[in-house]
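Containing PDB, C-alpha atoms, pLDDT in the B column: protein-v5.pdb.
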ATOM      1  CA  LEU J   1       0.000   0.000   0.000  1.00 94.00           C
ATOM      2  CA  LYS J   2       1.381   3.383  -0.987  1.00 97.00           C
ATOM      3  CA  PHE J   3       0.335   6.990  -0.550  1.00 97.00           C
ATOM      4  CA  SER J   4       0.171   9.496  -3.406  1.00 98.00           C
ATOM      5  CA  LYS J   5       1.982  12.816  -3.106  1.00 97.00           C
ATOM      6  CA  HIS J   6      -1.402  14.477  -2.511  1.00 96.00           C
ATOM      7  CA  ALA J   7      -2.299  12.000   0.250  1.00 97.00           C
ATOM      8  CA  ASN J   8       1.077  12.502   1.959  1.00 97.00           C
ATOM      9  CA  GLU J   9       0.522  16.267   1.877  1.00 97.00           C
ATOM     10  CA  ARG J  10      -2.949  15.832   3.399  1.00 94.00           C
ATOM     11  CA  LEU J  11      -1.570  13.598   6.156  1.00 96.00           C
ATOM     12  CA  ALA J  12       1.114  16.170   6.984  1.00 96.00           C
ATOM     13  CA  ASN J  13      -1.173  19.237   6.748  1.00 95.00           C
ATOM     14  CA  ARG J  14      -3.843  17.628   8.903  1.00 92.00           C
ATOM     15  CA  ASN J  15      -1.407  16.123  11.425  1.00 93.00           C
ATOM     16  CA  ILE J  16      -2.659  12.601  10.761  1.00 93.00           C
ATOM     17  CA  ASN J  17      -0.330   9.956  12.149  1.00 94.00           C
ATOM     18  CA  LEU J  18      -1.360   6.373  11.563  1.00 95.00           C
ATOM     19  CA  SER J  19      -0.550   3.721  14.128  1.00 97.00           C
ATOM     20  CA  ALA J  20       0.678   0.295  13.035  1.00 97.00           C
ATOM     21  CA  GLU J  21      -2.749  -1.116  13.914  1.00 97.00           C
ATOM     22  CA  GLN J  22      -4.517   1.504  11.790  1.00 97.00           C
ATOM     23  CA  MET J  23      -2.182   0.807   8.854  1.00 96.00           C
ATOM     24  CA  GLU J  24      -2.982  -2.900   9.157  1.00 97.00           C
ATOM     25  CA  ARG J  25      -6.720  -2.131   9.111  1.00 97.00           C
ATOM     26  CA  LEU J  26      -6.230   0.133   6.077  1.00 97.00           C
ATOM     27  CA  GLU J  27      -4.395  -2.672   4.274  1.00 96.00           C
ATOM     28  CA  ASN J  28      -7.160  -5.123   5.254  1.00 97.00           C
ATOM     29  CA  GLY J  29      -9.691  -2.676   3.807  1.00 96.00           C
ATOM     30  CA  THR J  30      -7.703  -2.652   0.570  1.00 95.00           C
ATOM     31  CA  THR J  31      -7.882  -6.449   0.412  1.00 96.00           C
ATOM     32  CA  LYS J  32     -11.640  -6.434   1.080  1.00 96.00           C
ATOM     33  CA  ALA J  33     -12.218  -3.802  -1.618  1.00 97.00           C
ATOM     34  CA  ARG J  34     -10.221  -5.802  -4.163  1.00 97.00           C
ATOM     35  CA  GLU J  35     -12.125  -9.003  -3.279  1.00 97.00           C
ATOM     36  CA  LYS J  36     -15.436  -7.199  -3.888  1.00 96.00           C
ATOM     37  CA  GLY J  37     -14.326  -5.821  -7.252  1.00 97.00           C
ATOM     38  CA  ILE J  38     -14.287  -2.201  -6.106  1.00 98.00           C
ATOM     39  CA  GLN J  39     -12.107   0.133  -8.168  1.00 97.00           C
ATOM     40  CA  GLU J  40     -12.235   3.394  -6.186  1.00 97.00           C
ATOM     41  CA  SER J  41     -13.103   2.947  -2.522  1.00 97.00           C
ATOM     42  CA  LEU J  42     -13.746   4.995   0.547  1.00 97.00           C
ATOM     43  CA  VAL J  43     -12.026   3.226   3.443  1.00 97.00           C
ATOM     44  CA  MET J  44     -12.926   4.333   6.967  1.00 96.00           C
ATOM     45  CA  VAL J  45     -10.526   3.598   9.822  1.00 96.00           C
ATOM     46  CA  ASP J  46     -11.736   5.034  13.137  1.00 94.00           C
ATOM     47  CA  ASP J  47     -12.553   8.698  12.381  1.00 92.00           C
ATOM     48  CA  LEU J  48     -10.265   8.820   9.337  1.00 95.00           C
ATOM     49  CA  ALA J  49     -11.439   8.539   5.740  1.00 96.00           C
ATOM     50  CA  PHE J  50      -9.222   7.467   2.873  1.00 97.00           C
ATOM     51  CA  ILE J  51      -9.911   7.374  -0.841  1.00 97.00           C
ATOM     52  CA  LEU J  52      -8.204   4.347  -2.340  1.00 97.00           C
ATOM     53  CA  ASN J  53      -7.398   3.431  -5.922  1.00 97.00           C
ATOM     54  CA  VAL J  54      -7.696  -0.327  -5.475  1.00 97.00           C
ATOM     55  CA  LYS J  55      -5.952  -1.402  -8.691  1.00 95.00           C
ATOM     56  CA  ASN J  56      -2.823   0.629  -7.906  1.00 96.00           C
ATOM     57  CA  LYS J  57      -3.078   0.036  -4.135  1.00 96.00           C
ATOM     58  CA  THR J  58      -2.679   3.790  -3.710  1.00 97.00           C
ATOM     59  CA  ILE J  59      -4.263   6.079  -1.123  1.00 97.00           C
ATOM     60  CA  VAL J  60      -5.301   9.136  -3.112  1.00 96.00           C
ATOM     61  CA  THR J  61      -6.338  11.386  -0.204  1.00 94.00           C
ATOM     62  CA  ALA J  62      -6.991  11.362   3.526  1.00 95.00           C
ATOM     63  CA  VAL J  63      -9.594  13.236   5.591  1.00 93.00           C
ATOM     64  CA  ASN J  64      -9.850  13.504   9.359  1.00 92.00           C
ATOM     65  CA  ASP J  65     -12.940  15.729   9.581  1.00 88.00           C
ATOM     66  CA  THR J  66     -15.814  13.844   7.983  1.00 85.00           C
ATOM     67  CA  SER J  67     -18.652  15.733   9.683  1.00 86.00           C
ATOM     68  CA  ASN J  68     -19.836  17.399   6.442  1.00 87.00           C
ATOM     69  CA  ALA J  69     -17.741  15.462   3.947  1.00 89.00           C
ATOM     70  CA  VAL J  70     -18.931  14.511   0.482  1.00 92.00           C
ATOM     71  CA  PHE J  71     -17.084  11.743  -1.354  1.00 93.00           C
ATOM     72  CA  THR J  72     -17.444  11.376  -5.113  1.00 93.00           C
ATOM     73  CA  ASN J  73     -16.093   9.057  -7.786  1.00 93.00           C
ATOM     74  CA  ILE J  74     -16.156   5.979  -5.579  1.00 97.00           C
ATOM     75  CA  ASP J  75     -17.880   2.698  -6.276  1.00 96.00           C
ATOM     76  CA  GLY J  76     -17.717   1.194  -2.801  1.00 96.00           C
ATOM     77  CA  ALA J  77     -16.987   1.818   0.851  1.00 96.00           C
ATOM     78  CA  ILE J  78     -15.223  -0.248   3.496  1.00 96.00           C
ATOM     79  CA  ILE J  79     -15.795   0.556   7.170  1.00 95.00           C
ATOM     80  CA  ASN J  80     -12.914  -1.014   9.006  1.00 88.00           C
TER
END
Just give me the structure of the file as structure tokens.
Amino acid sequence: LKFSKHANERLANRNINLSAEQMERLENGTTKAREKGIQESLVMVDDLAFILNVKNKTIVTAVNDTSNAVFTNIDGAIIN
């Protein structure tokens, strides 16, 4: 699992630090999305939201304030 330049910037700007356990859950979400045939997925880990390009195993962006969030261009969601 890799993070795009944009996702890395979002993590840094929003002071998001993932624990080893959260990274494992994010990777598990990637596996679940691939098994279900999802191409672009929203993966929720605790209060963090990630947009994942499943084919490339790449996190496209990360959000830590989902109170009024709108996610587009996804074809599935994994709550992990």
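Distances to J:Asp65 were evaluated for J:Ala77, J:Ile38, J:Met23, J:Ile16 using only C-alpha atoms, and the minimum falls at J:Ile16.
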## Note on the structure
Students should find that atom CA of J:Lys55 and atom CA of J:Ser4 are spaced 13.6 Å
### Query
What does the distance between atom CA of J:Thr30 and atom CA of J:Arg14 come to in Å, to one decimal place?
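Between these atoms lies a distance of 22.3 Å.
Going from atom CA of J:Asn17 over to atom CA of J:Thr61, you cover 13.8 Å.
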### Message
For a quick check of understanding, using only C-alpha atoms, which of J:Asn64, J:Ala49, J:Met44, J:Ile59 has the smallest distance to J:Ile79?
### Response
J:Met44
### Query
Between J:Asn15, J:Gln22, J:Asn68, J:Thr58, which has the minimum distance to J:Val45 (counting all atoms listed in the file)?
J:Gln22
### Query
Within 7 Å of J:Gly29, counting all atoms listed in the file, which residues qualify if same-chain residues fewer than 2 places away don't, as a list in words?
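Non-adjacent residues within range: Arg25, Leu26, Glu27, Thr31, Lys32, Ala33, Val43, Ile78 and Asn80 of chain J.
When all atoms listed in the file are used to compute distances to J:Ile51, the closest of the residues J:Asn28, J:Gln39, J:Ala12, J:Glu21 turns out to be J:Gln39.
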### Task
Check the smallest atom-to-atom distance from each of J:Arg34, J:Ser19, J:Lys2, J:Asn8 to J:Val63 using all atoms listed in the file, then report the winner.
J:Asn8
### Message
Measuring between all atoms listed in the file, which one of J:Leu1, J:Ala20, J:Ala7, J:Leu52 shows the shortest distance to J:Thr72?
### Response
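Among J:Leu1, J:Ala20, J:Ala7, J:Leu52, it is J:Leu52 that comes nearest to J:Thr72.
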Mind rebuilding stretch 48-68 of chain J with N, CA and C atoms and writing that out as a PDB file, in the coordinates of the input?
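Final file, selection.pdb:
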ATOM      1  N   LEU J  48     -11.024   8.414  10.513  1.00 95.00           N
ATOM      2  CA  LEU J  48     -10.265   8.820   9.337  1.00 95.00           C
ATOM      3  C   LEU J  48     -10.876   8.210   8.078  1.00 95.00           C
ATOM      4  N   ALA J  49     -10.915   9.013   7.021  1.00 96.00           N
ATOM      5  CA  ALA J  49     -11.439   8.539   5.740  1.00 96.00           C
ATOM      6  C   ALA J  49     -10.328   8.605   4.701  1.00 96.00           C
ATOM      7  N   PHE J  50     -10.233   7.549   3.919  1.00 97.00           N
ATOM      8  CA  PHE J  50      -9.222   7.467   2.873  1.00 97.00           C
ATOM      9  C   PHE J  50      -9.892   7.109   1.560  1.00 97.00           C
ATOM     10  N   ILE J  51      -9.469   7.762   0.486  1.00 97.00           N
ATOM     11  CA  ILE J  51      -9.911   7.374  -0.841  1.00 97.00           C
ATOM     12  C   ILE J  51      -8.786   6.537  -1.438  1.00 97.00           C
ATOM     13  N   LEU J  52      -9.166   5.347  -1.899  1.00 97.00           N
ATOM     14  CA  LEU J  52      -8.204   4.347  -2.340  1.00 97.00           C
ATOM     15  C   LEU J  52      -8.435   3.970  -3.793  1.00 97.00           C
ATOM     16  N   ASN J  53      -7.370   4.018  -4.591  1.00 97.00           N
ATOM     17  CA  ASN J  53      -7.398   3.431  -5.922  1.00 97.00           C
ATOM     18  C   ASN J  53      -6.973   1.984  -5.712  1.00 97.00           C
ATOM     19  N   VAL J  54      -7.920   1.076  -5.839  1.00 97.00           N
ATOM     20  CA  VAL J  54      -7.696  -0.327  -5.475  1.00 97.00           C
ATOM     21  C   VAL J  54      -6.686  -0.983  -6.412  1.00 97.00           C
ATOM     22  N   LYS J  55      -6.839  -0.760  -7.714  1.00 95.00           N
ATOM     23  CA  LYS J  55      -5.952  -1.402  -8.691  1.00 95.00           C
ATOM     24  C   LYS J  55      -4.489  -1.078  -8.419  1.00 95.00           C
ATOM     25  N   ASN J  56      -4.198   0.183  -8.143  1.00 96.00           N
ATOM     26  CA  ASN J  56      -2.823   0.629  -7.906  1.00 96.00           C
ATOM     27  C   ASN J  56      -2.400   0.518  -6.445  1.00 96.00           C
ATOM     28  N   LYS J  57      -3.340   0.101  -5.582  1.00 96.00           N
ATOM     29  CA  LYS J  57      -3.078   0.036  -4.135  1.00 96.00           C
ATOM     30  C   LYS J  57      -2.502   1.358  -3.628  1.00 96.00           C
ATOM     31  N   THR J  58      -3.163   2.454  -4.045  1.00 97.00           N
ATOM     32  CA  THR J  58      -2.679   3.790  -3.710  1.00 97.00           C
ATOM     33  C   THR J  58      -3.755   4.588  -2.986  1.00 97.00           C
ATOM     34  N   ILE J  59      -3.386   5.150  -1.833  1.00 97.00           N
ATOM     35  CA  ILE J  59      -4.263   6.079  -1.123  1.00 97.00           C
ATOM     36  C   ILE J  59      -4.144   7.415  -1.847  1.00 97.00           C
ATOM     37  N   VAL J  60      -5.284   7.918  -2.324  1.00 96.00           N
ATOM     38  CA  VAL J  60      -5.301   9.136  -3.112  1.00 96.00           C
ATOM     39  C   VAL J  60      -5.407  10.369  -2.216  1.00 96.00           C
ATOM     40  N   THR J  61      -6.210  10.276  -1.141  1.00 94.00           N
ATOM     41  CA  THR J  61      -6.338  11.386  -0.204  1.00 94.00           C
ATOM     42  C   THR J  61      -6.777  10.862   1.155  1.00 94.00           C
ATOM     43  N   ALA J  62      -6.626  11.709   2.153  1.00 95.00           N
ATOM     44  CA  ALA J  62      -6.991  11.362   3.526  1.00 95.00           C
ATOM     45  C   ALA J  62      -7.730  12.532   4.158  1.00 95.00           C
ATOM     46  N   VAL J  63      -8.771  12.214   4.945  1.00 93.00           N
ATOM     47  CA  VAL J  63      -9.594  13.236   5.591  1.00 93.00           C
ATOM     48  C   VAL J  63      -9.795  12.846   7.041  1.00 93.00           C
ATOM     49  N   ASN J  64      -9.619  13.798   7.945  1.00 92.00           N
ATOM     50  CA  ASN J  64      -9.850  13.504   9.359  1.00 92.00           C
ATOM     51  C   ASN J  64     -11.053  14.238   9.929  1.00 92.00           C
ATOM     52  N   ASP J  65     -11.713  15.076   9.142  1.00 88.00           N
ATOM     53  CA  ASP J  65     -12.940  15.729   9.581  1.00 88.00           C
ATOM     54  C   ASP J  65     -14.030  15.366   8.579  1.00 88.00           C
ATOM     55  N   THR J  66     -14.802  14.346   8.910  1.00 85.00           N
ATOM     56  CA  THR J  66     -15.814  13.844   7.983  1.00 85.00           C
ATOM     57  C   THR J  66     -17.220  14.316   8.335  1.00 85.00           C
ATOM     58  N   SER J  67     -17.337  15.306   9.212  1.00 86.00           N
ATOM     59  CA  SER J  67     -18.652  15.733   9.683  1.00 86.00           C
ATOM     60  C   SER J  67     -19.565  16.211   8.555  1.00 86.00           C
ATOM     61  N   ASN J  68     -19.032  16.931   7.576  1.00 87.00           N
ATOM     62  CA  ASN J  68     -19.836  17.399   6.442  1.00 87.00           C
ATOM     63  C   ASN J  68     -19.197  16.990   5.120  1.00 87.00           C
TER      64      ASN J  68
END
